[in-house]
Structure formats: C-alpha cells, structure tokens
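**Q** This is target-v1.pdb (PDB, C-alpha atoms).
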```
MODEL        1
ATOM      1  CA  MET A 704      -2.493   6.818  28.359  1.00  0.00           C
ATOM      2  CA  GLY A 705      -4.496   6.459  25.175  1.00  0.00           C
ATOM      3  CA  THR A 706      -5.312   3.886  22.505  1.00  0.00           C
ATOM      4  CA  ILE A 707      -4.716   3.939  18.761  1.00  0.00           C
ATOM      5  CA  VAL A 708      -6.388   1.416  16.458  1.00  0.00           C
ATOM      6  CA  SER A 709      -4.800   1.043  13.031  1.00  0.00           C
ATOM      7  CA  PHE A 710      -6.972  -0.454  10.268  1.00  0.00           C
ATOM      8  CA  HIS A 711      -5.293  -1.971   7.209  1.00  0.00           C
ATOM      9  CA  ALA A 712      -6.083  -3.842   4.019  1.00  0.00           C
ATOM     10  CA  HIS A 713      -3.317  -6.460   4.063  1.00  0.00           C
ATOM     11  CA  PRO A 714      -0.454  -7.714   6.201  1.00  0.00           C
ATOM     12  CA  ASP A 715       2.636  -5.475   5.766  1.00  0.00           C
ATOM     13  CA  ASP A 716       0.577  -2.333   5.082  1.00  0.00           C
ATOM     14  CA  GLU A 717       0.924  -1.409   8.741  1.00  0.00           C
ATOM     15  CA  SER A 718       4.710  -1.518   8.484  1.00  0.00           C
ATOM     16  CA  ILE A 719       5.037   0.613   5.379  1.00  0.00           C
ATOM     17  CA  ALA A 720       2.274   3.146   5.999  1.00  0.00           C
ATOM     18  CA  VAL A 721       2.245   3.823   9.734  1.00  0.00           C
ATOM     19  CA  GLY A 722       4.936   1.677  11.352  1.00  0.00           C
ATOM     20  CA  GLY A 723       6.758   4.677  12.768  1.00  0.00           C
ATOM     21  CA  THR A 724       3.600   6.164  14.232  1.00  0.00           C
ATOM     22  CA  LEU A 725       2.634   2.916  15.929  1.00  0.00           C
ATOM     23  CA  ALA A 726       6.108   2.266  17.315  1.00  0.00           C
ATOM     24  CA  LYS A 727       6.261   5.818  18.669  1.00  0.00           C
ATOM     25  CA  ALA A 728       2.839   5.469  20.274  1.00  0.00           C
ATOM     26  CA  ALA A 729       3.758   2.178  21.930  1.00  0.00           C
ATOM     27  CA  ALA A 730       7.078   3.549  23.188  1.00  0.00           C
ATOM     28  CA  ALA A 731       5.189   6.405  24.843  1.00  0.00           C
ATOM     29  CA  GLY A 732       3.022   3.903  26.723  1.00  0.00           C
ATOM     30  CA  HIS A 733      -0.096   4.064  24.570  1.00  0.00           C
ATOM     31  CA  ARG A 734      -2.054   0.955  23.579  1.00  0.00           C
ATOM     32  CA  VAL A 735      -1.684  -0.048  19.921  1.00  0.00           C
ATOM     33  CA  VAL A 736      -4.183  -2.331  18.162  1.00  0.00           C
ATOM     34  CA  LEU A 737      -3.948  -3.675  14.599  1.00  0.00           C
ATOM     35  CA  VAL A 738      -6.959  -4.697  12.497  1.00  0.00           C
ATOM     36  CA  PHE A 739      -6.613  -6.230   9.035  1.00  0.00           C
ATOM     37  CA  ALA A 740      -9.461  -6.514   6.530  1.00  0.00           C
ATOM     38  CA  THR A 741      -7.826  -9.488   4.762  1.00  0.00           C
ATOM     39  CA  ARG A 742      -4.936 -11.899   5.176  1.00  0.00           C
ATOM     40  CA  GLY A 743      -3.322 -10.882   1.880  1.00  0.00           C
ATOM     41  CA  GLU A 744      -4.284 -14.052   0.058  1.00  0.00           C
ATOM     42  CA  LEU A 745      -3.279 -12.717  -3.369  1.00  0.00           C
ATOM     43  CA  GLY A 746       0.138 -11.385  -2.458  1.00  0.00           C
ATOM     44  CA  GLU A 747       3.073 -12.729  -4.443  1.00  0.00           C
ATOM     45  CA  PRO A 748       5.358 -14.689  -2.108  1.00  0.00           C
ATOM     46  CA  VAL A 749       9.107 -14.326  -2.281  1.00  0.00           C
ATOM     47  CA  PRO A 750      10.325 -17.308  -4.358  1.00  0.00           C
ATOM     48  CA  GLY A 751      11.231 -20.249  -2.166  1.00  0.00           C
ATOM     49  CA  VAL A 752      10.084 -18.680   1.092  1.00  0.00           C
ATOM     50  CA  LEU A 753       7.092 -20.958   1.692  1.00  0.00           C
ATOM     51  CA  GLU A 754       7.640 -24.445   3.056  1.00  0.00           C
ATOM     52  CA  PRO A 755       6.075 -27.350   1.107  1.00  0.00           C
ATOM     53  CA  GLY A 756       2.345 -27.284   1.790  1.00  0.00           C
ATOM     54  CA  GLU A 757       2.504 -23.969   3.641  1.00  0.00           C
ATOM     55  CA  GLN A 758      -0.427 -21.694   2.823  1.00  0.00           C
ATOM     56  CA  LEU A 759       0.297 -18.042   2.126  1.00  0.00           C
ATOM     57  CA  PRO A 760      -2.630 -16.626   4.180  1.00  0.00           C
ATOM     58  CA  VAL A 761      -1.511 -18.604   7.228  1.00  0.00           C
ATOM     59  CA  ARG A 762       2.068 -17.449   6.794  1.00  0.00           C
ATOM     60  CA  ARG A 763       1.033 -13.835   6.357  1.00  0.00           C
ATOM     61  CA  SER A 764      -1.190 -13.983   9.419  1.00  0.00           C
ATOM     62  CA  ASP A 765       1.747 -15.219  11.484  1.00  0.00           C
ATOM     63  CA  GLU A 766       3.852 -12.395  10.081  1.00  0.00           C
ATOM     64  CA  CYS A 767       1.293  -9.893  11.364  1.00  0.00           C
ATOM     65  CA  TYR A 768       1.854 -11.100  14.912  1.00  0.00           C
ATOM     66  CA  ALA A 769       5.621 -10.896  14.455  1.00  0.00           C
ATOM     67  CA  SER A 770       5.286  -7.356  13.125  1.00  0.00           C
ATOM     68  CA  ALA A 771       2.971  -6.440  15.995  1.00  0.00           C
ATOM     69  CA  ALA A 772       5.581  -7.605  18.499  1.00  0.00           C
ATOM     70  CA  VAL A 773       8.193  -5.367  16.871  1.00  0.00           C
ATOM     71  CA  LEU A 774       5.911  -2.330  16.833  1.00  0.00           C
ATOM     72  CA  GLY A 775       4.568  -2.880  20.335  1.00  0.00           C
ATOM     73  CA  ALA A 776       0.976  -3.639  19.336  1.00  0.00           C
ATOM     74  CA  LYS A 777      -0.994  -5.522  21.990  1.00  0.00           C
ATOM     75  CA  ARG A 778      -3.853  -6.898  19.881  1.00  0.00           C
ATOM     76  CA  VAL A 779      -4.226  -8.146  16.314  1.00  0.00           C
ATOM     77  CA  GLU A 780      -7.600  -8.838  14.677  1.00  0.00           C
ATOM     78  CA  PHE A 781      -8.743  -9.881  11.196  1.00  0.00           C
ATOM     79  CA  LEU A 782     -12.054  -9.158   9.487  1.00  0.00           C
ATOM     80  CA  PRO A 783     -13.528 -12.088   7.481  1.00  0.00           C
ATOM     81  CA  TYR A 784     -12.702 -10.869   3.967  1.00  0.00           C
ATOM     82  CA  THR A 785     -10.297 -11.958   1.253  1.00  0.00           C
ATOM     83  CA  ASP A 786      -7.789 -10.003  -0.804  1.00  0.00           C
ATOM     84  CA  SER A 787      -9.376  -8.321  -3.844  1.00  0.00           C
ATOM     85  CA  GLY A 788      -6.223  -8.022  -5.933  1.00  0.00           C
ATOM     86  CA  MET A 789      -5.260  -4.941  -7.917  1.00  0.00           C
ATOM     87  CA  MET A 790      -7.906  -2.681  -9.441  1.00  0.00           C
ATOM     88  CA  GLY A 791      -9.407  -4.075 -12.636  1.00  0.00           C
ATOM     89  CA  GLU A 792      -8.483  -7.707 -12.011  1.00  0.00           C
ATOM     90  CA  ALA A 793     -11.092 -10.463 -12.137  1.00  0.00           C
ATOM     91  CA  SER A 794     -10.479 -11.093  -8.438  1.00  0.00           C
ATOM     92  CA  ASN A 795     -12.281  -7.808  -7.723  1.00  0.00           C
ATOM     93  CA  GLU A 796     -15.533  -9.661  -8.412  1.00  0.00           C
ATOM     94  CA  ALA A 797     -14.959 -12.526  -5.967  1.00  0.00           C
ATOM     95  CA  PRO A 798     -18.005 -12.680  -3.674  1.00  0.00           C
ATOM     96  CA  TYR A 799     -16.092 -12.636  -0.376  1.00  0.00           C
ATOM     97  CA  CYS A 800     -13.362 -10.175  -1.297  1.00  0.00           C
ATOM     98  CA  PHE A 801     -13.171  -6.933   0.653  1.00  0.00           C
ATOM     99  CA  TRP A 802     -13.973  -4.797  -2.398  1.00  0.00           C
ATOM    100  CA  GLN A 803     -17.362  -6.518  -2.635  1.00  0.00           C
ATOM    101  CA  ALA A 804     -18.120  -6.161   1.072  1.00  0.00           C
ATOM    102  CA  ASN A 805     -21.183  -4.227   2.115  1.00  0.00           C
ATOM    103  CA  VAL A 806     -19.699  -1.115   3.706  1.00  0.00           C
ATOM    104  CA  GLU A 807     -22.298  -0.896   6.453  1.00  0.00           C
ATOM    105  CA  HIS A 808     -21.885  -4.549   7.416  1.00  0.00           C
ATOM    106  CA  ALA A 809     -18.098  -4.390   7.385  1.00  0.00           C
ATOM    107  CA  ALA A 810     -18.171  -1.159   9.380  1.00  0.00           C
ATOM    108  CA  LYS A 811     -20.308  -2.791  12.052  1.00  0.00           C
ATOM    109  CA  LEU A 812     -17.753  -5.600  12.387  1.00  0.00           C
ATOM    110  CA  LEU A 813     -14.963  -3.084  12.836  1.00  0.00           C
ATOM    111  CA  ALA A 814     -17.097  -1.004  15.176  1.00  0.00           C
ATOM    112  CA  VAL A 815     -17.360  -3.963  17.567  1.00  0.00           C
ATOM    113  CA  ILE A 816     -13.580  -3.806  18.017  1.00  0.00           C
ATOM    114  CA  LEU A 817     -13.649  -0.023  18.277  1.00  0.00           C
ATOM    115  CA  ASP A 818     -16.335  -0.176  20.953  1.00  0.00           C
ATOM    116  CA  GLU A 819     -14.185  -2.610  22.930  1.00  0.00           C
ATOM    117  CA  GLU A 820     -11.035  -0.528  22.624  1.00  0.00           C
ATOM    118  CA  GLU A 821     -12.523   2.986  22.828  1.00  0.00           C
ATOM    119  CA  PRO A 822      -9.611   4.430  20.833  1.00  0.00           C
ATOM    120  CA  ASP A 823      -8.556   8.048  20.807  1.00  0.00           C
ATOM    121  CA  VAL A 824      -7.425   7.689  17.190  1.00  0.00           C
ATOM    122  CA  LEU A 825      -8.292   5.366  14.303  1.00  0.00           C
ATOM    123  CA  THR A 826      -5.884   5.314  11.367  1.00  0.00           C
ATOM    124  CA  ILE A 827      -7.169   4.474   7.898  1.00  0.00           C
ATOM    125  CA  TYR A 828      -6.065   5.537   4.374  1.00  0.00           C
ATOM    126  CA  ASP A 829      -6.987   8.515   2.217  1.00  0.00           C
ATOM    127  CA  ASP A 830      -9.971   8.319  -0.127  1.00  0.00           C
ATOM    128  CA  ASN A 831      -7.885   6.829  -2.949  1.00  0.00           C
ATOM    129  CA  GLY A 832      -6.283   4.302  -0.661  1.00  0.00           C
ATOM    130  CA  GLY A 833      -2.905   5.897  -1.220  1.00  0.00           C
ATOM    131  CA  TYR A 834      -2.437   4.415  -4.670  1.00  0.00           C
ATOM    132  CA  GLY A 835      -5.801   3.178  -5.895  1.00  0.00           C
ATOM    133  CA  HIS A 836      -5.840  -0.384  -4.591  1.00  0.00           C
ATOM    134  CA  PRO A 837      -9.490  -1.427  -4.133  1.00  0.00           C
ATOM    135  CA  ASP A 838      -8.938  -2.864  -0.656  1.00  0.00           C
ATOM    136  CA  HIS A 839      -7.213   0.333   0.453  1.00  0.00           C
ATOM    137  CA  ILE A 840     -10.085   2.446  -0.862  1.00  0.00           C
ATOM    138  CA  GLN A 841     -12.470   0.171   1.015  1.00  0.00           C
ATOM    139  CA  VAL A 842     -10.454   0.639   4.222  1.00  0.00           C
ATOM    140  CA  HIS A 843     -11.163   4.363   3.897  1.00  0.00           C
ATOM    141  CA  ARG A 844     -14.886   3.839   3.374  1.00  0.00           C
ATOM    142  CA  VAL A 845     -15.366   1.174   6.020  1.00  0.00           C
ATOM    143  CA  GLY A 846     -13.088   2.880   8.520  1.00  0.00           C
ATOM    144  CA  ARG A 847     -14.861   6.224   8.311  1.00  0.00           C
ATOM    145  CA  ARG A 848     -18.258   4.626   8.783  1.00  0.00           C
ATOM    146  CA  ALA A 849     -17.051   2.444  11.667  1.00  0.00           C
ATOM    147  CA  ALA A 850     -15.627   5.522  13.377  1.00  0.00           C
ATOM    148  CA  GLU A 851     -19.039   7.180  13.106  1.00  0.00           C
ATOM    149  CA  LEU A 852     -20.751   4.139  14.606  1.00  0.00           C
ATOM    150  CA  ALA A 853     -18.264   3.900  17.479  1.00  0.00           C
ATOM    151  CA  ALA A 854     -17.885   7.662  17.999  1.00  0.00           C
ATOM    152  CA  VAL A 855     -14.103   7.638  17.592  1.00  0.00           C
ATOM    153  CA  PRO A 856     -12.849  11.187  18.278  1.00  0.00           C
ATOM    154  CA  VAL A 857     -10.132  11.298  15.601  1.00  0.00           C
ATOM    155  CA  VAL A 858      -9.795   9.529  12.255  1.00  0.00           C
ATOM    156  CA  ALA A 859      -6.327   9.991  10.783  1.00  0.00           C
ATOM    157  CA  GLN A 860      -6.063   9.160   7.089  1.00  0.00           C
ATOM    158  CA  SER A 861      -2.579   7.894   6.286  1.00  0.00           C
ATOM    159  CA  THR A 862      -1.356   9.260   2.968  1.00  0.00           C
ATOM    160  CA  ILE A 863       1.723   9.826   0.837  1.00  0.00           C
ATOM    161  CA  ASN A 864       3.011  13.385   0.605  1.00  0.00           C
ATOM    162  CA  ARG A 865       3.626  13.815  -3.143  1.00  0.00           C
ATOM    163  CA  ASP A 866       5.490  17.082  -2.719  1.00  0.00           C
ATOM    164  CA  TRP A 867       7.726  15.670   0.015  1.00  0.00           C
ATOM    165  CA  MET A 868       8.643  12.784  -2.283  1.00  0.00           C
ATOM    166  CA  ALA A 869       9.349  15.121  -5.201  1.00  0.00           C
ATOM    167  CA  ARG A 870      11.600  17.321  -3.061  1.00  0.00           C
ATOM    168  CA  GLY A 871      13.455  14.288  -1.762  1.00  0.00           C
ATOM    169  CA  ALA A 872      14.039  12.955  -5.264  1.00  0.00           C
ATOM    170  CA  LYS A 873      15.275  16.357  -6.439  1.00  0.00           C
ATOM    171  CA  GLN A 874      17.678  16.660  -3.509  1.00  0.00           C
ATOM    172  CA  ALA A 875      19.015  13.214  -4.324  1.00  0.00           C
ATOM    173  CA  GLY A 876      19.583  14.278  -7.929  1.00  0.00           C
ATOM    174  CA  GLY A 877      16.938  11.982  -9.355  1.00  0.00           C
ATOM    175  CA  GLU A 878      13.332  11.927 -10.485  1.00  0.00           C
ATOM    176  CA  LEU A 879      10.275  10.113  -9.239  1.00  0.00           C
ATOM    177  CA  PRO A 880       9.319   6.963 -11.180  1.00  0.00           C
ATOM    178  CA  GLU A 881       6.450   7.360 -13.618  1.00  0.00           C
ATOM    179  CA  GLY A 882       3.074   7.218 -11.907  1.00  0.00           C
ATOM    180  CA  VAL A 883       4.335   8.110  -8.443  1.00  0.00           C
ATOM    181  CA  GLU A 884       3.111  11.667  -8.876  1.00  0.00           C
ATOM    182  CA  LYS A 885      -0.449  10.299  -8.741  1.00  0.00           C
ATOM    183  CA  MET A 886       0.056   8.530  -5.414  1.00  0.00           C
ATOM    184  CA  GLY A 887      -1.105  10.019  -2.138  1.00  0.00           C
ATOM    185  CA  LYS A 888      -2.094  13.673  -1.901  1.00  0.00           C
ATOM    186  CA  PRO A 889      -0.517  17.082  -2.512  1.00  0.00           C
ATOM    187  CA  GLU A 890       0.904  18.735   0.581  1.00  0.00           C
ATOM    188  CA  SER A 891      -1.845  21.344   0.474  1.00  0.00           C
ATOM    189  CA  GLU A 892      -4.381  18.674   1.469  1.00  0.00           C
ATOM    190  CA  ILE A 893      -2.300  17.126   4.260  1.00  0.00           C
ATOM    191  CA  THR A 894      -2.944  18.375   7.786  1.00  0.00           C
ATOM    192  CA  HIS A 895      -0.585  16.484  10.111  1.00  0.00           C
ATOM    193  CA  ARG A 896       2.683  14.598  10.291  1.00  0.00           C
ATOM    194  CA  VAL A 897       4.229  12.206  12.788  1.00  0.00           C
ATOM    195  CA  GLU A 898       7.963  12.621  13.316  1.00  0.00           C
ATOM    196  CA  ALA A 899       9.185   9.031  13.615  1.00  0.00           C
ATOM    197  CA  VAL A 900      12.839   9.244  12.582  1.00  0.00           C
ATOM    198  CA  ASP A 901      13.835   7.779  15.953  1.00  0.00           C
ATOM    199  CA  PHE A 902      11.706   4.722  15.212  1.00  0.00           C
ATOM    200  CA  THR A 903      12.929   3.792  11.745  1.00  0.00           C
ATOM    201  CA  THR A 904      14.734   0.729  13.117  1.00  0.00           C
ATOM    202  CA  GLN A 905      11.451  -0.659  14.439  1.00  0.00           C
ATOM    203  CA  LYS A 906       9.688   0.313  11.225  1.00  0.00           C
ATOM    204  CA  ARG A 907      12.205  -1.530   9.074  1.00  0.00           C
ATOM    205  CA  ASP A 908      12.286  -4.544  11.424  1.00  0.00           C
ATOM    206  CA  SER A 909       8.501  -4.644  11.144  1.00  0.00           C
ATOM    207  CA  MET A 910       8.886  -4.811   7.366  1.00  0.00           C
ATOM    208  CA  ARG A 911      11.405  -7.641   7.749  1.00  0.00           C
ATOM    209  CA  ALA A 912       8.817  -9.578   9.738  1.00  0.00           C
ATOM    210  CA  HIS A 913       6.820  -9.850   6.500  1.00  0.00           C
ATOM    211  CA  ALA A 914       9.437 -12.096   4.930  1.00  0.00           C
ATOM    212  CA  SER A 915       6.967 -13.751   2.563  1.00  0.00           C
ATOM    213  CA  GLN A 916       6.575 -10.390   0.801  1.00  0.00           C
ATOM    214  CA  MET A 917       9.947  -8.692   1.286  1.00  0.00           C
ATOM    215  CA  SER A 918      13.158 -10.519   0.490  1.00  0.00           C
ATOM    216  CA  PRO A 919      16.326  -9.473   2.342  1.00  0.00           C
ATOM    217  CA  ASP A 920      17.453  -7.615  -0.790  1.00  0.00           C
ATOM    218  CA  HIS A 921      14.226  -5.598  -1.137  1.00  0.00           C
ATOM    219  CA  PHE A 922      15.107  -1.965  -1.794  1.00  0.00           C
ATOM    220  CA  MET A 923      13.368  -0.736   1.354  1.00  0.00           C
ATOM    221  CA  LEU A 924      15.431  -3.127   3.449  1.00  0.00           C
ATOM    222  CA  THR A 925      18.750  -2.341   1.809  1.00  0.00           C
ATOM    223  CA  MET A 926      18.701   1.438   1.358  1.00  0.00           C
ATOM    224  CA  PRO A 927      21.149   3.289   3.622  1.00  0.00           C
ATOM    225  CA  GLU A 928      19.716   4.281   6.994  1.00  0.00           C
ATOM    226  CA  PRO A 929      19.953   8.058   6.349  1.00  0.00           C
ATOM    227  CA  MET A 930      18.001   7.644   3.108  1.00  0.00           C
ATOM    228  CA  PHE A 931      15.410   5.422   4.780  1.00  0.00           C
ATOM    229  CA  ALA A 932      15.001   7.919   7.614  1.00  0.00           C
ATOM    230  CA  MET A 933      14.624  10.816   5.178  1.00  0.00           C
ATOM    231  CA  GLY A 934      12.066   9.056   2.991  1.00  0.00           C
ATOM    232  CA  LEU A 935      10.112   7.023   5.533  1.00  0.00           C
ATOM    233  CA  GLY A 936      10.870   8.575   8.903  1.00  0.00           C
ATOM    234  CA  VAL A 937       8.025  11.084   8.678  1.00  0.00           C
ATOM    235  CA  GLU A 938       4.469   9.818   8.181  1.00  0.00           C
ATOM    236  CA  PHE A 939       1.676  12.019   6.862  1.00  0.00           C
ATOM    237  CA  TYR A 940      -2.034  12.198   7.605  1.00  0.00           C
ATOM    238  CA  ILE A 941      -5.240  13.981   6.742  1.00  0.00           C
ATOM    239  CA  VAL A 942      -7.329  14.718   9.832  1.00  0.00           C
ATOM    240  CA  GLU A 943     -10.749  16.284   9.424  1.00  0.00           C
ATOM    241  CA  GLY A 944     -11.534  18.383  12.478  1.00  0.00           C
ATOM    242  CA  GLU A 945      -9.816  18.424  15.856  1.00  0.00           C
ATOM    243  CA  PRO A 946     -10.650  16.558  19.061  1.00  0.00           C
ATOM    244  CA  SER A 947     -12.002  18.505  21.991  1.00  0.00           C
ATOM    245  CA  PRO A 948      -9.890  18.427  25.168  1.00  0.00           C
ATOM    246  CA  ALA A 949     -12.631  16.453  26.919  1.00  0.00           C
ATOM    247  CA  GLU A 950     -12.428  13.697  24.297  1.00  0.00           C
ATOM    248  CA  SER A 951      -8.657  13.416  24.162  1.00  0.00           C
ATOM    249  CA  SER A 952      -6.230  11.446  26.327  1.00  0.00           C
ATOM    250  CA  GLY A 953      -3.380  13.485  24.872  1.00  0.00           C
ATOM    251  CA  LEU A 954      -2.314  10.786  22.415  1.00  0.00           C
ATOM    252  CA  PHE A 955      -3.334  12.778  19.363  1.00  0.00           C
ATOM    253  CA  GLU A 956      -1.697  15.995  20.530  1.00  0.00           C
ATOM    254  CA  GLU A 957       1.443  14.121  21.561  1.00  0.00           C
ATOM    255  CA  LEU A 958       2.007  12.325  18.248  1.00  0.00           C
ATOM    256  CA  PHE A 959       0.349  14.306  15.455  1.00  0.00           C
ATOM    257  CA  VAL A 960       1.961  17.622  14.539  1.00  0.00           C
ATOM    258  CA  PRO A 961      -0.092  20.122  12.481  1.00  0.00           C
ATOM    259  CA  ILE A 962       1.588  21.172   9.258  1.00  0.00           C
ATOM    260  CA  ARG A 963      -0.865  23.917   8.340  1.00  0.00           C
TER
ENDMDL
END
```
Kindly present the structure from the file in structure tokens form.

**A**
Amino acid sequence: MGTIVSFHAHPDDESIAVGGTLAKAAAAGHRVVLVFATRGELGEPVPGVLEPGEQLPVRRSDECYASAAVLGAKRVEFLPYTDSGMMGEASNEAPYCFWQANVEHAAKLLAVILDEEEPDVLTIYDDNGGYGHPDHIQVHRVGRRAAELAAVPVVAQSTINRDWMARGAKQAGGELPEGVEKMGKPESEITHRVEAVDFTTQKRDSMRAHASQMSPDHFMLTMPEPMFAMGLGVEFYIVEGEPSPAESSGLFEELFVPIR
C-alpha cells in the first residue's frame, strides 16, 4: 500500500478539490494525510453557526478532523501561517499570513512531514491556485519546493478542467457564470483524472463537515446527486513526468488515469 499527502490552503479545500481522490485512496487501503497551510481565519462563517465566544479558527480546525474522518485520512497537520484573504486585500500584507511566508522556510516545514510519511504522491494546486487566491498560489510554490527537498516521486497539481465545465454547462442548457472561464486550466494542459463518481457521497459529506462555511442549503449540498456526480465526480490533475516502477507503490497508477 502507498501514501498520499494532500496539501491545502484552508479547511474545506480538501473536500472541494480532491475529496473524491482521497476517499478513493483510503478505500483502497492507502494512507491519506492532510496538511493545511492555515486554519482559514478569514473565512466568512455561516450566520449563527458559531457559539458565543467560539473562535472561527478553532471551529475550522475541528472541522478538518471531522472531514478527515469522513475521507479516511489518518493524519492532519497545520503549518503555522494565517489566512491571507483574497488577492489584493490588505490582509495580504499581514506579516504571518501564508502569502508573505518565505517559500524556502515554509517548504522545509512541509518537507519534515513529507520525510516522515515518505508519500508516493503529493497533491497541491496548479500555478494559479485554481482561481488566483494567494494562499492557493503559495501552496503550489511551497508544495513543489517541499517535494524537491523530500524527493517525492509524484506531485499532482489539482486543477479545474475549464473545457469539462463548459461542456457540462452546455449539456445542461446553460452557460458558465462570468469569470469561470479563467479558472483552472484548459484540457490541453491537464494530464490525468481520478474517476471518483463512486465516492461522491463521501466527498459531499466531507463538505458538510465544514458547517461553518457551508450551510445546509449551499448549492453544492443541495444539487441533485446525478448533477453533483457529473460536475464533481471526476477530479483533474497536472502531473509533470511519470514515476519509475522502482519508486512507485502502485498508488499513482491505480488512481490517476492519463487523459493524453
């Protein structure tokens, strides 16, 4: 059996981006580890969800463990950085936010975990962080460097397949919302997919675990199961290079299907 470490910017990113992949890996007997750069301090809580005096970062940290239990992850770790907020906000300049982190220093912190786990695969985000969030971009930078330091055989960059989304919207008789066409990457740049339709229940339950961020009537929690499976049941990645047989436990070959 192998190990997959999944590196994320904030709590709930693991559910939305790679929840199906992680649930599928765990179900196959592989070890799943979650690492978060921040505790999502600047997220907007669902109105009324926090108890009097309850702190959002503490709540969101607890939600990570609940999500991990749903997905089958065996370890959850946090790096010592704070949420940077959306690109262009004053919070980007906060001295301890992840966007301001020294990439080499942050990568060494992550590499300690990678050295302990000796993963077959590290998941990060594409070079634009999927949609331009500074912490997501930093996950890409820090993750790639940490993988170099720890000699991780495969780095899989989670991304959004723009063309897949456009086809899905067209089939449904609609159009993508403005700006969505700039998210993720075109299909021509994507190398692999993970077929996780059989794990959409776990993926959605993982999202529900992040109740401070997703109310029960959130669109991703209320859309019909066939629509959810069609839109979120396949997860896409950019993988640069291929592992050699000597370096692989079989996890990568088992989960990640080449698309070109």

**Q** List every residue of region 773-802 of chain A that has an atom at most 12 Å from any atom of region 808-811 of chain A, giving for each one its closest atom pair and the distance in Å to one decimal, counting all atoms listed in the file, sorted by chain and then by ascending residue number, as a Markdown table.

**A**
```
| residue | atom | partner | partner_atom | distance |
| --- | --- | --- | --- | --- |
| A:Phe781 | CA | A:Ala809 | CA | 11.5 |
| A:Leu782 | CA | A:Ala809 | CA | 8.0 |
| A:Pro783 | CA | A:Ala809 | CA | 9.0 |
| A:Tyr784 | CA | A:Ala809 | CA | 9.1 |
| A:Tyr799 | CA | A:Ala809 | CA | 11.5 |
| A:Cys800 | CA | A:Ala809 | CA | 11.5 |
| A:Phe801 | CA | A:Ala809 | CA | 8.7 |
| A:Trp802 | CA | A:Ala809 | CA | 10.6 |
```

**Q** Identify, on the basis of all atoms listed in the file, every residue whose closest approach to Ser718 (chain A) does not exceed 12 Å; exclude the query and any residue fewer than 2 positions from it along the same chain; express the result as an NGL selection string.

**A** :A and (709-716 or 720-726 or 737 or 766-776 or 902-913 or 916-917 or 923-924 or 935-936 or 938)

**Q** Which residue is closest to Glu792 (chain A)? Choose from A:Pro837, A:Met933, A:Trp867, A:His843 and count only C-alpha atoms.

**A** A:Pro837

**Q** Could you tell me which residues the PyMOL selection byres ((chain A and resi 733) around 7) returns for this structure, as a list in words?

**A**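 Taken on the displayed file, the PyMOL selection byres ((chain A and resi 733) around 7) yields the residues Met704, Gly705, Thr706, Ala728, Ala729, Ala731, Gly732, Arg734 and Val735 of chain A.
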
**Q** Provide the CA of Ile719 (chain A) to CA of Pro822 (chain A) distance in Å, to one decimal place.

**A**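 These atoms are spaced 21.6 Å apart.
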
**Q** Pick from A:Ala853, A:Ala932, A:Gln874, A:Asp829: nearest to Val900 (chain A), with all atoms listed in the file counted?

**A** A:Ala932

**Q** Give me, please, the distance in Å between CA of Thr925 (chain A) and CA of Val883 (chain A), quoted to one decimal.

**A**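 A separation of 20.5 Å between them.
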
**Q** Give me the residues within 8 Å of Thr826 (chain A) as a list of chain:residue names, counting only C-alpha atoms and dropping any in the same chain fewer than 2 places off.

**A**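 Answer for this query is A:Ile707, A:Val708, A:Ser709, A:Phe710, A:Val824, A:Tyr828, A:Val858, A:Ala859, A:Gln860, A:Ser861.
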
**Q** For region 747-762 of chain A, what centre and edge lengths in Å (one decimal) does the axis-aligned box get once 6 Å is added on each side of all its listed atoms, as lines of an AutoDock Vina configuration file?

**A**
```
center_x = 4.3
center_y = -20.0
center_z = 1.4
size_x = 25.9
size_y = 26.6
size_z = 23.7
```
